[in-house]
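File shown here: run01.csv, holding CSV, C-alpha atoms.
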```
chain,number,residue,atom,x,y,z
A,229,MET,CA,143.0,106.9,166.7
A,230,ARG,CA,141.9,108.8,163.6
A,231,ALA,CA,142.1,107.3,160.1
A,232,ALA,CA,140.9,108.3,156.6
A,233,VAL,CA,138.4,105.5,155.6
A,234,PHE,CA,137.5,104.8,152.0
A,235,TRP,CA,133.9,103.5,151.8
A,236,GLU,CA,133.0,103.0,148.2
A,237,PRO,CA,133.6,104.4,144.7
A,238,GLY,CA,132.1,107.8,144.2
A,239,LYS,CA,131.9,108.5,148.0
A,240,PRO,CA,134.7,110.6,149.6
A,241,MET,CA,136.9,109.3,152.3
A,242,THR,CA,135.9,110.3,155.8
A,243,ILE,CA,137.9,110.8,159.0
A,244,GLU,CA,136.8,108.1,161.5
A,245,ASP,CA,137.7,107.0,165.0
A,246,LEU,CA,139.2,103.5,165.0
A,247,LYS,CA,140.3,101.3,167.8
A,248,LEU,CA,144.1,101.4,168.5
A,249,PRO,CA,145.4,98.4,166.5
A,250,ARG,CA,147.3,95.7,168.3
A,251,PRO,CA,150.4,93.9,166.8
A,252,GLN,CA,150.7,90.2,166.9
A,253,PHE,CA,153.7,87.9,166.7
A,254,GLY,CA,156.3,89.3,164.3
A,255,GLU,CA,154.4,92.6,163.9
A,256,VAL,CA,155.2,96.1,164.9
A,257,LEU,CA,152.9,98.9,166.0
A,258,VAL,CA,154.1,102.2,164.4
A,259,LYS,CA,153.0,105.7,165.1
A,260,THR,CA,152.6,107.3,161.7
A,261,LYS,CA,154.6,110.3,160.8
A,262,ALA,CA,153.9,110.6,157.1
A,263,CYS,CA,152.2,108.7,154.3
A,264,GLY,CA,152.7,109.2,150.5
A,265,VAL,CA,149.8,109.6,148.1
A,266,CYS,CA,150.4,107.0,145.4
A,267,HIS,CA,148.6,106.4,142.1
A,268,SER,CA,148.1,102.7,143.1
A,269,ASP,CA,145.5,103.7,145.6
A,270,LEU,CA,143.5,105.2,142.8
A,271,HIS,CA,142.9,101.7,141.4
A,272,VAL,CA,141.0,100.9,144.6
A,273,ILE,CA,139.2,104.3,144.7
A,274,ASN,CA,138.1,104.0,141.0
A,275,LYS,CA,137.4,100.2,141.3
A,276,ASP,CA,139.9,99.4,138.6
A,277,GLN,CA,141.1,96.5,140.6
A,278,PRO,CA,139.1,94.4,143.2
A,279,TYR,CA,139.8,95.1,146.8
A,280,PRO,CA,137.7,94.7,150.0
A,281,ILE,CA,136.0,97.8,151.3
A,282,PRO,CA,135.7,99.8,153.5
A,283,CYS,CA,139.4,100.2,153.8
A,284,VAL,CA,142.3,102.5,154.9
A,285,LEU,CA,144.6,103.2,151.9
A,286,GLY,CA,148.1,104.5,152.0
A,287,HIS,CA,151.1,102.2,151.7
A,288,GLU,CA,154.1,104.6,151.7
A,289,ILE,CA,154.9,105.3,155.3
A,290,THR,CA,157.4,106.5,157.9
A,291,GLY,CA,156.9,106.5,161.7
A,292,GLU,CA,158.1,105.6,165.2
A,293,VAL,CA,158.1,102.1,166.6
A,294,VAL,CA,155.7,101.9,169.6
A,295,GLU,CA,155.3,98.3,170.4
A,296,HIS,CA,156.1,94.7,169.3
A,297,GLY,CA,153.7,91.8,169.2
A,298,ALA,CA,153.8,89.3,172.0
A,299,HIS,CA,156.5,86.6,171.6
A,300,THR,CA,158.3,88.4,168.7
A,301,ASP,CA,161.8,87.1,168.5
A,302,PRO,CA,164.6,89.0,170.4
A,303,ALA,CA,166.6,89.6,167.1
A,304,THR,CA,163.6,91.5,165.6
A,305,VAL,CA,163.1,93.5,168.8
A,306,HIS,CA,166.8,94.4,168.8
A,307,ARG,CA,166.8,95.4,165.1
A,308,LEU,CA,163.7,97.6,165.6
A,309,PRO,CA,163.8,98.9,169.1
A,310,VAL,CA,160.9,100.9,170.6
A,311,GLY,CA,161.4,104.5,169.7
A,312,SER,CA,163.3,103.9,166.5
A,313,ARG,CA,162.6,105.7,163.3
A,314,VAL,CA,161.4,103.4,160.5
A,315,VAL,CA,160.2,103.3,156.9
A,316,GLY,CA,157.9,100.6,155.6
A,317,SER,CA,157.8,98.9,152.2
A,318,PHE,CA,154.4,98.4,150.5
A,319,ILE,CA,155.3,94.8,149.8
A,320,MET,CA,155.3,93.2,153.2
A,321,PRO,CA,157.0,89.8,152.9
A,322,CYS,CA,156.1,86.9,155.2
A,323,GLY,CA,159.7,85.6,155.0
A,324,GLY,CA,158.6,81.9,154.9
A,325,CYS,CA,156.7,81.2,151.7
A,326,PHE,CA,158.1,79.5,148.5
A,327,PHE,CA,159.1,82.9,146.9
A,328,CYS,CA,160.5,84.5,150.1
A,329,VAL,CA,162.7,81.5,150.7
A,330,LYS,CA,164.0,81.8,147.1
A,331,GLY,CA,164.8,85.5,147.7
A,332,GLN,CA,161.9,86.7,145.5
A,333,GLU,CA,160.1,88.7,148.3
A,334,ASP,CA,158.4,90.9,145.7
A,335,LEU,CA,156.4,87.8,144.7
A,336,CYS,CA,155.5,86.8,148.3
A,337,GLU,CA,152.4,84.6,147.9
A,338,THR,CA,151.3,85.2,151.5
A,339,PHE,CA,151.2,89.0,150.9
A,340,PHE,CA,149.2,88.6,147.7
A,341,LYS,CA,146.8,86.1,149.2
A,342,TYR,CA,146.0,87.7,152.5
A,343,ASN,CA,146.7,91.4,152.0
A,344,ARG,CA,145.9,92.1,148.3
A,345,GLY,CA,143.3,89.4,148.3
A,346,MET,CA,141.6,89.7,151.7
A,347,GLY,CA,142.6,93.1,153.1
A,348,GLY,CA,144.3,91.9,156.2
A,349,LEU,CA,147.5,90.5,157.6
A,350,TYR,CA,148.8,86.9,157.7
A,351,ASP,CA,146.3,85.3,160.1
A,352,GLY,CA,143.6,86.3,157.6
A,353,THR,CA,142.2,89.2,159.6
A,354,THR,CA,142.5,93.0,159.7
A,355,ARG,CA,144.0,95.0,162.6
A,356,LEU,CA,141.6,97.9,162.1
A,357,TYR,CA,138.1,98.2,163.6
A,358,LEU,CA,135.7,101.1,164.0
A,359,SER,CA,135.4,102.5,167.5
A,360,ARG,CA,131.7,103.0,167.4
A,361,SER,CA,130.6,99.6,166.1
A,362,GLY,CA,133.6,97.3,166.1
A,363,ASP,CA,133.1,96.7,162.4
A,364,PRO,CA,136.2,95.7,160.5
A,365,ILE,CA,138.1,98.1,158.2
A,366,TYR,CA,140.4,96.5,155.7
A,367,MET,CA,144.1,97.4,155.2
A,368,TYR,CA,145.7,98.3,151.8
A,369,SER,CA,149.3,97.1,152.7
A,370,MET,CA,149.5,98.5,156.3
A,371,GLY,CA,146.7,101.1,156.0
A,372,GLY,CA,149.0,104.1,156.2
A,373,LEU,CA,146.4,106.9,156.3
A,374,ALA,CA,146.0,106.4,160.1
A,375,GLU,CA,147.6,107.7,163.2
A,376,TYR,CA,148.9,104.2,164.0
A,377,ARG,CA,149.3,101.1,162.0
A,378,VAL,CA,150.5,97.5,162.3
A,379,VAL,CA,153.3,96.4,160.0
A,380,PRO,CA,155.0,93.0,159.7
A,381,ALA,CA,158.6,93.5,160.9
A,382,ASN,CA,160.0,92.1,157.7
A,383,ALA,CA,158.7,95.2,155.9
A,384,LEU,CA,160.5,97.8,158.0
A,385,ALA,CA,163.9,99.4,158.0
A,386,ILE,CA,165.6,102.0,160.2
A,387,ILE,CA,166.0,105.5,158.9
A,388,PRO,CA,168.7,107.7,160.4
A,389,GLU,CA,168.2,111.0,162.1
A,390,SER,CA,169.7,112.7,159.0
A,391,LEU,CA,166.6,111.8,156.9
A,392,PRO,CA,163.3,113.6,157.5
A,393,TYR,CA,160.2,111.7,158.2
A,394,SER,CA,158.0,113.3,155.5
A,395,GLU,CA,160.2,113.0,152.5
A,396,SER,CA,161.5,109.6,153.5
A,397,ALA,CA,158.0,108.2,153.1
A,398,ILE,CA,158.5,107.9,149.3
A,399,ILE,CA,161.3,105.4,149.9
A,400,GLY,CA,158.6,102.7,150.7
A,401,CYS,CA,156.9,102.7,147.3
A,402,ALA,CA,158.0,105.2,144.7
A,403,VAL,CA,161.7,104.7,145.3
A,404,PHE,CA,161.3,101.1,146.3
A,405,THR,CA,159.5,100.3,143.0
A,406,ALA,CA,162.1,102.3,141.0
A,407,TYR,CA,165.0,100.3,142.7
A,408,GLY,CA,163.3,97.0,141.9
A,409,ALA,CA,162.8,98.0,138.3
A,410,MET,CA,166.3,99.3,137.6
A,411,LYS,CA,168.4,96.9,139.8
A,412,ASN,CA,166.4,93.7,140.0
A,413,ALA,CA,164.4,93.7,136.7
A,414,ALA,CA,166.6,95.6,134.3
A,415,ASP,CA,169.9,94.8,136.0
A,416,MET,CA,171.1,98.3,134.9
A,417,ARG,CA,174.8,98.9,134.4
A,418,ALA,CA,176.7,102.1,134.3
A,419,GLY,CA,176.9,103.7,130.9
A,420,GLU,CA,173.6,102.4,129.6
A,421,THR,CA,170.8,104.5,128.1
A,422,VAL,CA,167.4,104.6,129.7
A,423,ALA,CA,163.9,106.0,128.8
A,424,ILE,CA,161.3,106.5,131.5
A,425,ILE,CA,157.8,106.8,130.1
A,426,GLY,CA,155.6,108.6,132.7
A,427,THR,CA,157.3,110.9,135.1
A,428,GLY,CA,155.0,110.9,138.1
A,429,GLY,CA,156.0,109.7,141.6
A,430,VAL,CA,157.4,106.3,140.5
A,431,GLY,CA,158.7,107.6,137.1
A,432,SER,CA,160.6,110.5,138.7
A,433,SER,CA,162.2,108.0,141.1
A,434,CYS,CA,163.2,105.8,138.2
A,435,LEU,CA,164.9,108.9,136.7
A,436,GLN,CA,166.9,109.4,139.9
A,437,MET,CA,167.7,105.7,140.2
A,438,ALA,CA,169.0,105.7,136.6
A,439,ARG,CA,171.2,108.7,137.4
A,440,ALA,CA,172.5,107.0,140.5
A,441,PHE,CA,173.3,103.8,138.6
A,442,GLY,CA,175.4,105.8,136.0
A,443,GLY,CA,173.0,106.2,133.1
A,444,ARG,CA,174.7,107.8,130.1
A,445,GLN,CA,171.5,109.2,128.5
A,446,ILE,CA,168.3,109.4,130.5
A,447,ILE,CA,165.2,110.3,128.5
A,448,ALA,CA,162.0,111.4,130.3
A,449,VAL,CA,158.7,111.0,128.4
A,450,ASP,CA,155.4,112.6,129.4
A,451,ILE,CA,152.6,114.7,128.0
A,452,SER,CA,152.9,117.4,130.7
A,453,GLU,CA,155.5,120.1,130.1
A,454,GLY,CA,155.5,120.8,133.8
A,455,LYS,CA,156.4,117.2,134.6
A,456,LEU,CA,159.1,117.2,131.9
A,457,GLU,CA,160.7,120.3,133.4
A,458,ASN,CA,160.7,118.7,136.8
A,459,ALA,CA,162.2,115.5,135.2
A,460,LYS,CA,165.3,117.6,134.3
A,461,LYS,CA,165.8,118.2,138.0
A,462,MET,CA,165.4,114.5,138.7
A,463,GLY,CA,168.2,113.5,136.3
A,464,ALA,CA,166.8,113.5,132.8
A,465,THR,CA,169.3,114.4,130.1
A,466,HIS,CA,166.6,114.6,127.4
A,467,THR,CA,162.8,115.0,127.4
A,468,VAL,CA,160.1,113.9,124.9
A,469,ASN,CA,156.6,115.2,124.9
A,470,GLY,CA,154.4,112.2,124.0
A,471,SER,CA,151.5,114.4,123.0
A,472,THR,CA,153.4,116.1,120.2
A,473,GLU,CA,156.1,113.7,119.2
A,474,ASN,CA,156.3,110.1,118.1
A,475,VAL,CA,158.0,108.6,121.2
A,476,PRO,CA,159.8,105.6,119.8
A,477,GLU,CA,161.1,107.6,116.8
A,478,ARG,CA,162.3,110.5,118.9
A,479,ILE,CA,164.0,108.1,121.3
A,480,ARG,CA,165.8,106.4,118.4
A,481,GLU,CA,166.9,109.9,117.1
A,482,ILE,CA,168.4,110.7,120.5
A,483,THR,CA,170.2,107.4,120.7
A,484,GLY,CA,171.8,107.4,117.3
A,485,GLY,CA,169.1,105.3,115.6
A,486,ARG,CA,169.3,102.3,117.9
A,487,GLY,CA,166.9,102.8,120.8
A,488,VAL,CA,167.6,102.7,124.5
A,489,ASP,CA,169.1,99.8,126.5
A,490,ILE,CA,166.3,100.0,129.0
A,491,ALA,CA,162.8,101.5,128.7
A,492,VAL,CA,160.6,101.7,131.8
A,493,GLU,CA,156.8,102.1,131.5
A,494,ALA,CA,155.5,103.8,134.7
A,495,LEU,CA,151.9,104.6,133.7
A,496,GLY,CA,150.0,101.3,133.2
A,497,LYS,CA,148.5,102.1,129.8
A,498,ALA,CA,148.3,100.0,126.7
A,499,ALA,CA,149.6,102.7,124.5
A,500,THR,CA,152.7,103.4,126.6
A,501,PHE,CA,153.3,99.7,127.1
A,502,VAL,CA,153.7,99.5,123.3
A,503,GLN,CA,155.9,102.6,123.2
A,504,ALA,CA,158.2,101.1,125.7
A,505,ALA,CA,158.6,97.9,123.7
A,506,LEU,CA,159.2,99.8,120.5
A,507,SER,CA,161.8,102.2,122.1
A,508,VAL,CA,164.4,99.6,123.1
A,509,ARG,CA,167.3,98.6,121.0
A,510,ASP,CA,167.8,95.1,119.7
A,511,GLY,CA,168.5,93.0,122.8
A,512,GLY,CA,167.1,95.7,125.0
A,513,ARG,CA,164.9,95.4,128.1
A,514,ALA,CA,161.4,96.9,128.4
A,515,VAL,CA,160.5,97.0,132.1
A,516,MET,CA,156.8,97.4,132.9
A,517,VAL,CA,156.0,98.8,136.4
A,518,GLY,CA,152.7,100.8,135.8
A,519,LEU,CA,149.6,99.1,137.1
A,520,ALA,CA,146.6,99.0,134.7
A,521,PRO,CA,142.9,98.3,135.4
A,522,PHE,CA,142.2,94.6,135.4
A,523,GLY,CA,141.7,93.1,131.9
A,524,VAL,CA,143.7,95.7,130.1
A,525,SER,CA,146.1,94.2,127.5
A,526,ALA,CA,148.5,95.4,124.9
A,527,GLU,CA,150.0,93.9,121.7
A,528,VAL,CA,153.6,93.5,120.7
A,529,ASP,CA,155.2,92.4,117.4
A,530,ILE,CA,156.1,88.8,118.0
A,531,THR,CA,158.6,88.5,115.2
A,532,ARG,CA,160.6,91.5,116.4
A,533,LEU,CA,160.4,90.2,119.9
A,534,VAL,CA,161.9,86.8,118.8
A,535,ARG,CA,164.4,87.9,116.1
A,536,ARG,CA,165.7,91.0,117.9
A,537,GLN,CA,165.8,89.4,121.4
A,538,ILE,CA,163.6,92.0,123.0
A,539,ARG,CA,163.0,91.3,126.7
A,540,ILE,CA,159.7,92.4,128.3
A,541,ILE,CA,159.9,92.2,132.1
A,542,GLY,CA,157.2,92.9,134.7
A,543,SER,CA,158.4,94.5,137.9
A,544,TYR,CA,156.1,95.2,140.9
A,545,GLY,CA,158.5,96.4,143.5
A,546,GLY,CA,161.7,95.7,145.4
A,547,ARG,CA,162.7,93.1,148.0
A,548,ALA,CA,162.1,94.6,151.4
A,549,ARG,CA,164.7,92.8,153.6
A,550,GLN,CA,167.4,93.1,150.9
A,551,ASP,CA,166.7,96.4,149.2
A,552,LEU,CA,165.0,98.7,151.7
A,553,PRO,CA,168.2,99.2,153.8
A,554,THR,CA,170.2,99.8,150.6
A,555,ILE,CA,167.8,102.4,149.4
A,556,VAL,CA,167.9,104.2,152.8
A,557,GLY,CA,171.7,104.2,152.5
A,558,LEU,CA,171.5,105.7,149.0
A,559,ALA,CA,169.2,108.5,150.2
A,560,ASP,CA,171.4,109.1,153.3
A,561,MET,CA,174.5,109.5,151.1
A,562,GLY,CA,172.8,112.0,148.8
A,563,ALA,CA,172.6,109.7,145.7
A,564,LEU,CA,168.8,110.1,145.8
A,565,GLU,CA,167.2,113.6,146.3
A,566,ILE,CA,164.1,112.6,148.2
A,567,LYS,CA,163.4,116.2,149.3
A,568,SER,CA,163.1,117.5,145.8
A,569,ALA,CA,160.8,114.6,144.8
A,570,VAL,CA,158.1,115.8,147.2
A,571,SER,CA,156.0,118.6,145.8
A,572,GLN,CA,153.5,119.2,148.6
A,573,LYS,CA,152.6,118.3,152.1
A,574,ARG,CA,149.0,118.0,153.4
A,575,LYS,CA,147.1,117.0,156.4
A,576,LEU,CA,145.0,113.8,157.0
A,577,GLU,CA,141.8,115.9,156.6
A,578,ASP,CA,142.9,116.7,153.0
A,579,ALA,CA,143.3,113.1,151.9
A,580,ALA,CA,140.1,112.9,149.9
A,581,GLU,CA,140.8,116.1,148.0
A,582,VAL,CA,144.5,115.1,147.4
A,583,TYR,CA,143.4,111.9,145.7
A,584,LYS,CA,141.0,113.8,143.5
A,585,GLU,CA,143.9,116.1,142.5
A,586,LEU,CA,146.1,113.1,141.7
A,587,ASP,CA,143.4,111.5,139.6
A,588,ARG,CA,143.1,114.8,137.6
A,589,GLY,CA,146.8,114.8,137.0
A,590,GLU,CA,147.4,118.0,138.9
A,591,ILE,CA,150.2,116.7,141.2
A,592,THR,CA,153.8,117.0,140.0
A,593,GLY,CA,156.1,114.7,141.9
A,594,ARG,CA,154.7,113.3,145.1
A,595,ALA,CA,152.2,114.6,147.7
A,596,ILE,CA,152.7,113.6,151.3
A,597,ILE,CA,150.1,113.4,154.1
A,598,GLU,CA,151.7,114.4,157.4
A,599,LEU,CA,150.4,113.0,160.6
A,600,MET,CA,153.0,114.4,163.0
```

Would you mind writing the structure in this file as structure tokens?
Amino acid sequence: MRAAVFWEPGKPMTIEDLKLPRPQFGEVLVKTKACGVCHSDLHVINKDQPYPIPCVLGHEITGEVVEHGAHTDPATVHRLPVGSRVVGSFIMPCGGCFFCVKGQEDLCETFFKYNRGMGGLYDGTTRLYLSRSGDPIYMYSMGGLAEYRVVPANALAIIPESLPYSESAIIGCAVFTAYGAMKNAADMRAGETVAIIGTGGVGSSCLQMARAFGGRQIIAVDISEGKLENAKKMGATHTVNGSTENVPERIREITGGRGVDIAVEALGKAATFVQAALSVRDGGRAVMVGLAPFGVSAEVDITRLVRRQIRIIGSYGGRARQDLPTIVGLADMGALEIKSAVSQKRKLEDAAEVYKELDRGEITGRAIIELM
């Protein structure tokens, strides 16, 4: 099969021939249909966060089930029959660790140890190998920028025929992360006010999720007028340009002087972290979903945090087995506009250039790599 392989920082991805991967127990071989281009991959490309290389990036995927690993239980085979249309979550829960048993699959220690730490699946090895040499290629999540990939069954959900493969790819990360932020971390209720700081792929999904959950005022914050215009289509009732306005002051003006119930930071920058903390009302929740380079920190006013009961909450994603089918249902009923969130579709050969465009801030919404 073909895959886009990232070799090292400063060197472009190349299209390589890899051996067809083989699923093991509890794993599924999926023929890739589409893979989203996510900012999280840039942290590996720019070496902001440690990760084994060479690797195949891409963690926002849809595809068709081709094969189950040997001895996989009948219930899993029945749930995900060969030929079924599936979407995968970027957090691939093992289902058996301390956190998965407690229902906190977004903290799965097996995923973080073996995938984020070692670039493989849960026997400690990758499923990807170069055809010409047999050398291992590591996997960022499932390694979605490939014609086939192996995914733990716990990370997959069926998508109906009514949802297109390409646009549905964003469900597995951008929308999945937004749902985790708004539902699990913020515990958003209808009628609350929300500010989303950073309106890229994840931020624009947070706007849609806030609208779906009944947000009364939904404020989009960005420094790009193009992205702010797009944010209005995604559900924003107000916009704030962070390059020309004082963000916390403007948000307080919009909300009658109080600040918002919930502020979501979707960029992973120290300055916007502080903006989010300053933009919430007394007793409000500041939810941080943007990944920053390792070692980046931000300061908050401790006295305000204590006296005014400000809650600062980290949120990495959703909980695959619980949340992914729910998100698919929201998209299928039209509560989420996944088609309008996708701004462009490209081919596997374009992967290196698309990530350069993303790094330069030139992509509004989400770009999708199609492998159909």

Considering all atoms listed in the file, give me a table of residues in region 396-510 of chain A that are at most 12 Å from region 259-272 of chain A, with the closest atom pair and distance in Å for each, as JSON lines.
```
{"residue": "A:Ser396", "atom": "CA", "partner": "A:Ala262", "partner_atom": "CA", "distance": 8.5}
{"residue": "A:Ala397", "atom": "CA", "partner": "A:Cys263", "partner_atom": "CA", "distance": 5.9}
{"residue": "A:Ile398", "atom": "CA", "partner": "A:Gly264", "partner_atom": "CA", "distance": 6.1}
{"residue": "A:Ile399", "atom": "CA", "partner": "A:Gly264", "partner_atom": "CA", "distance": 9.4}
{"residue": "A:Gly400", "atom": "CA", "partner": "A:Gly264", "partner_atom": "CA", "distance": 8.8}
{"residue": "A:Cys401", "atom": "CA", "partner": "A:Cys266", "partner_atom": "CA", "distance": 8.0}
{"residue": "A:Ala402", "atom": "CA", "partner": "A:Cys266", "partner_atom": "CA", "distance": 7.8}
{"residue": "A:Val403", "atom": "CA", "partner": "A:Gly264", "partner_atom": "CA", "distance": 11.3}
{"residue": "A:Thr405", "atom": "CA", "partner": "A:Cys266", "partner_atom": "CA", "distance": 11.6}
{"residue": "A:Gly426", "atom": "CA", "partner": "A:His267", "partner_atom": "CA", "distance": 11.9}
{"residue": "A:Gly428", "atom": "CA", "partner": "A:His267", "partner_atom": "CA", "distance": 8.8}
{"residue": "A:Gly429", "atom": "CA", "partner": "A:Cys266", "partner_atom": "CA", "distance": 7.3}
{"residue": "A:Val430", "atom": "CA", "partner": "A:Cys266", "partner_atom": "CA", "distance": 8.6}
{"residue": "A:Gly431", "atom": "CA", "partner": "A:His267", "partner_atom": "CA", "distance": 11.3}
{"residue": "A:Ala494", "atom": "CA", "partner": "A:His267", "partner_atom": "CA", "distance": 10.4}
{"residue": "A:Leu495", "atom": "CA", "partner": "A:His267", "partner_atom": "CA", "distance": 9.2}
{"residue": "A:Gly496", "atom": "CA", "partner": "A:Ser268", "partner_atom": "CA", "distance": 10.2}
```

query = Near region 513-529 of chain A, within 6 Å and counting only C-alpha atoms, which residues show up once chain neighbours fewer than 3 positions away are dropped, as a PyMOL selection string?
reply = chain A and resi 276-277+490-496+498+504-505+532+539-544

task = Write out as a ChimeraX atom specification which residues come within 8 Å of region 381-386 of chain A when counting all atoms listed in the file, dropping same-chain ones fewer than 6 positions away.
result = /A:254-256,304,308,312-323,548-549,552-553

Polymer residues at most 12 Å from (178.6, 103.4, 128.9) by only C-alpha atoms, as a PDB file with C-alpha atoms, in the frame of the given file:
```
ATOM      1  CA  MET A 416     171.100  98.300 134.900  1.00  0.00           C
ATOM      2  CA  ARG A 417     174.800  98.900 134.400  1.00  0.00           C
ATOM      3  CA  ALA A 418     176.700 102.100 134.300  1.00  0.00           C
ATOM      4  CA  GLY A 419     176.900 103.700 130.900  1.00  0.00           C
ATOM      5  CA  GLU A 420     173.600 102.400 129.600  1.00  0.00           C
ATOM      6  CA  THR A 421     170.800 104.500 128.100  1.00  0.00           C
ATOM      7  CA  VAL A 422     167.400 104.600 129.700  1.00  0.00           C
ATOM      8  CA  PHE A 441     173.300 103.800 138.600  1.00  0.00           C
ATOM      9  CA  GLY A 442     175.400 105.800 136.000  1.00  0.00           C
ATOM     10  CA  GLY A 443     173.000 106.200 133.100  1.00  0.00           C
ATOM     11  CA  ARG A 444     174.700 107.800 130.100  1.00  0.00           C
ATOM     12  CA  GLN A 445     171.500 109.200 128.500  1.00  0.00           C
ATOM     13  CA  VAL A 488     167.600 102.700 124.500  1.00  0.00           C
ATOM     14  CA  ASP A 489     169.100  99.800 126.500  1.00  0.00           C
TER      15      ASP A 489
END
```

Pull the closest atom pair for each residue of region 235-308 of chain A that gets at most 8 Å from region 337-352 of chain A, along with the distance in Å to one decimal, counting all atoms listed in the file, ordering rows by chain and then ascending residue number, as JSON lines.
```
{"residue": "A:Tyr279", "atom": "CA", "partner": "A:Gly345", "partner_atom": "CA", "distance": 6.9}
{"residue": "A:Pro280", "atom": "CA", "partner": "A:Gly347", "partner_atom": "CA", "distance": 6.0}
{"residue": "A:Cys283", "atom": "CA", "partner": "A:Gly347", "partner_atom": "CA", "distance": 7.8}
```

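As for CA of Asn412 (chain A) and CA of Val556 (chain A), they are spaced 16.6 Å apart.
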
ask   = For Ala499 (chain A), which of A:Val534, A:Val475, A:Ala448, A:Val294 is the closest residue, counting only C-alpha atoms?
value = A:Val475

ask   = So what do you get for CA of Ser369 (chain A) versus CA of Gly311 (chain A), distance-wise?
value = 22.1 Å

inquiry  = Which residues are close to Glu481 (chain A), i.e. within 12 Å by all atoms listed in the file, leaving aside same-chain residues fewer than 4 positions away? Reply as JSON, numbers by chain.
reply    = {"A": [447, 466, 468, 473, 474, 475, 476, 477, 485, 486, 487, 488, 507, 509]}

Print the selection's residues with C-alpha atoms to a file, as a compact mmCIF listing (two decimals), keeping the file's coordinate frame.
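File part-v2.txt, as written:
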```txt
# COMPACT_ATOMS: atom_id res chain seq x y z
CA ILE A 447 165.20 110.30 128.50
CA HIS A 466 166.60 114.60 127.40
CA VAL A 468 160.10 113.90 124.90
CA GLU A 473 156.10 113.70 119.20
CA ASN A 474 156.30 110.10 118.10
CA VAL A 475 158.00 108.60 121.20
CA PRO A 476 159.80 105.60 119.80
CA GLU A 477 161.10 107.60 116.80
CA GLY A 485 169.10 105.30 115.60
CA ARG A 486 169.30 102.30 117.90
CA GLY A 487 166.90 102.80 120.80
CA VAL A 488 167.60 102.70 124.50
CA SER A 507 161.80 102.20 122.10
CA ARG A 509 167.30 98.60 121.00
```

request  = Write out as a list in words the residues lying within 10 Å of region 463-465 of chain A, counting all atoms listed in the file and excluding same-chain residues fewer than 6 positions away.
outcome  =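 Within the cut-off, the hits are Val422, Ala423, Ile424, Ser432, Ser433, Cys434, Leu435, Gln436, Met437, Ala438, Arg439, Ala440, Gly443, Arg444, Gln445, Ile446, Ile447, Ala448, Val449, Leu456 and Glu457 of chain A.
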
Would you mind listing what lies within 10 Å of Arg377 (chain A) as a JSON list (two decimals) with C-alpha atoms, in the coordinates of the input, with all atoms listed in the file counted and same-chain residues fewer than 3 positions away left out?
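The result, written out as part-v2.json:
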```
[["chain", "number", "residue", "atom", "x", "y", "z"],
["A", 229, "MET", "CA", 143.00, 106.90, 166.70],
["A", 231, "ALA", "CA", 142.10, 107.30, 160.10],
["A", 248, "LEU", "CA", 144.10, 101.40, 168.50],
["A", 249, "PRO", "CA", 145.40, 98.40, 166.50],
["A", 250, "ARG", "CA", 147.30, 95.70, 168.30],
["A", 251, "PRO", "CA", 150.40, 93.90, 166.80],
["A", 256, "VAL", "CA", 155.20, 96.10, 164.90],
["A", 257, "LEU", "CA", 152.90, 98.90, 166.00],
["A", 258, "VAL", "CA", 154.10, 102.20, 164.40],
["A", 259, "LYS", "CA", 153.00, 105.70, 165.10],
["A", 260, "THR", "CA", 152.60, 107.30, 161.70],
["A", 289, "ILE", "CA", 154.90, 105.30, 155.30],
["A", 291, "GLY", "CA", 156.90, 106.50, 161.70],
["A", 293, "VAL", "CA", 158.10, 102.10, 166.60],
["A", 294, "VAL", "CA", 155.70, 101.90, 169.60],
["A", 355, "ARG", "CA", 144.00, 95.00, 162.60],
["A", 356, "LEU", "CA", 141.60, 97.90, 162.10],
["A", 367, "MET", "CA", 144.10, 97.40, 155.20],
["A", 370, "MET", "CA", 149.50, 98.50, 156.30],
["A", 371, "GLY", "CA", 146.70, 101.10, 156.00],
["A", 372, "GLY", "CA", 149.00, 104.10, 156.20],
["A", 373, "LEU", "CA", 146.40, 106.90, 156.30],
["A", 374, "ALA", "CA", 146.00, 106.40, 160.10]]
```

ask   = Between CA of Gly545 (chain A) and CA of Tyr407 (chain A), what is the distance, to one decimal in Å?
value = 7.6 Å

Extract region 506-512 of chain A from the structure I just pasted (atoms: N, CA and C atoms) and return it as an mmCIF file, in the first residue's frame.
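This is the output file selection.cif:
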```cif
data_model
loop_
_atom_site.group_PDB
_atom_site.id
_atom_site.type_symbol
_atom_site.label_atom_id
_atom_site.label_comp_id
_atom_site.auth_asym_id
_atom_site.auth_seq_id
_atom_site.Cartn_x
_atom_site.Cartn_y
_atom_site.Cartn_z
ATOM 1 N N LEU A 506 -9.330 35.002 31.736
ATOM 2 C CA LEU A 506 -9.826 36.342 32.077
ATOM 3 C C LEU A 506 -11.211 36.630 31.500
ATOM 4 N N SER A 507 -11.667 35.797 30.585
ATOM 5 C CA SER A 507 -12.920 36.073 29.874
ATOM 6 C C SER A 507 -14.141 35.451 30.523
ATOM 7 N N VAL A 508 -13.930 34.568 31.520
ATOM 8 C CA VAL A 508 -15.086 33.911 32.141
ATOM 9 C C VAL A 508 -15.616 34.735 33.316
ATOM 10 N N ARG A 509 -16.891 34.598 33.568
ATOM 11 C CA ARG A 509 -17.532 35.267 34.704
ATOM 12 C C ARG A 509 -17.062 34.629 36.004
ATOM 13 N N ASP A 510 -17.410 35.225 37.130
ATOM 14 C CA ASP A 510 -17.174 34.603 38.427
ATOM 15 C C ASP A 510 -17.896 33.256 38.462
ATOM 16 N N GLY A 511 -17.179 32.221 38.858
ATOM 17 C CA GLY A 511 -17.750 30.880 38.850
ATOM 18 C C GLY A 511 -17.739 30.209 37.495
ATOM 19 N N GLY A 512 -17.115 30.855 36.493
ATOM 20 C CA GLY A 512 -17.109 30.318 35.137
ATOM 21 C C GLY A 512 -16.054 29.251 34.920
#
```
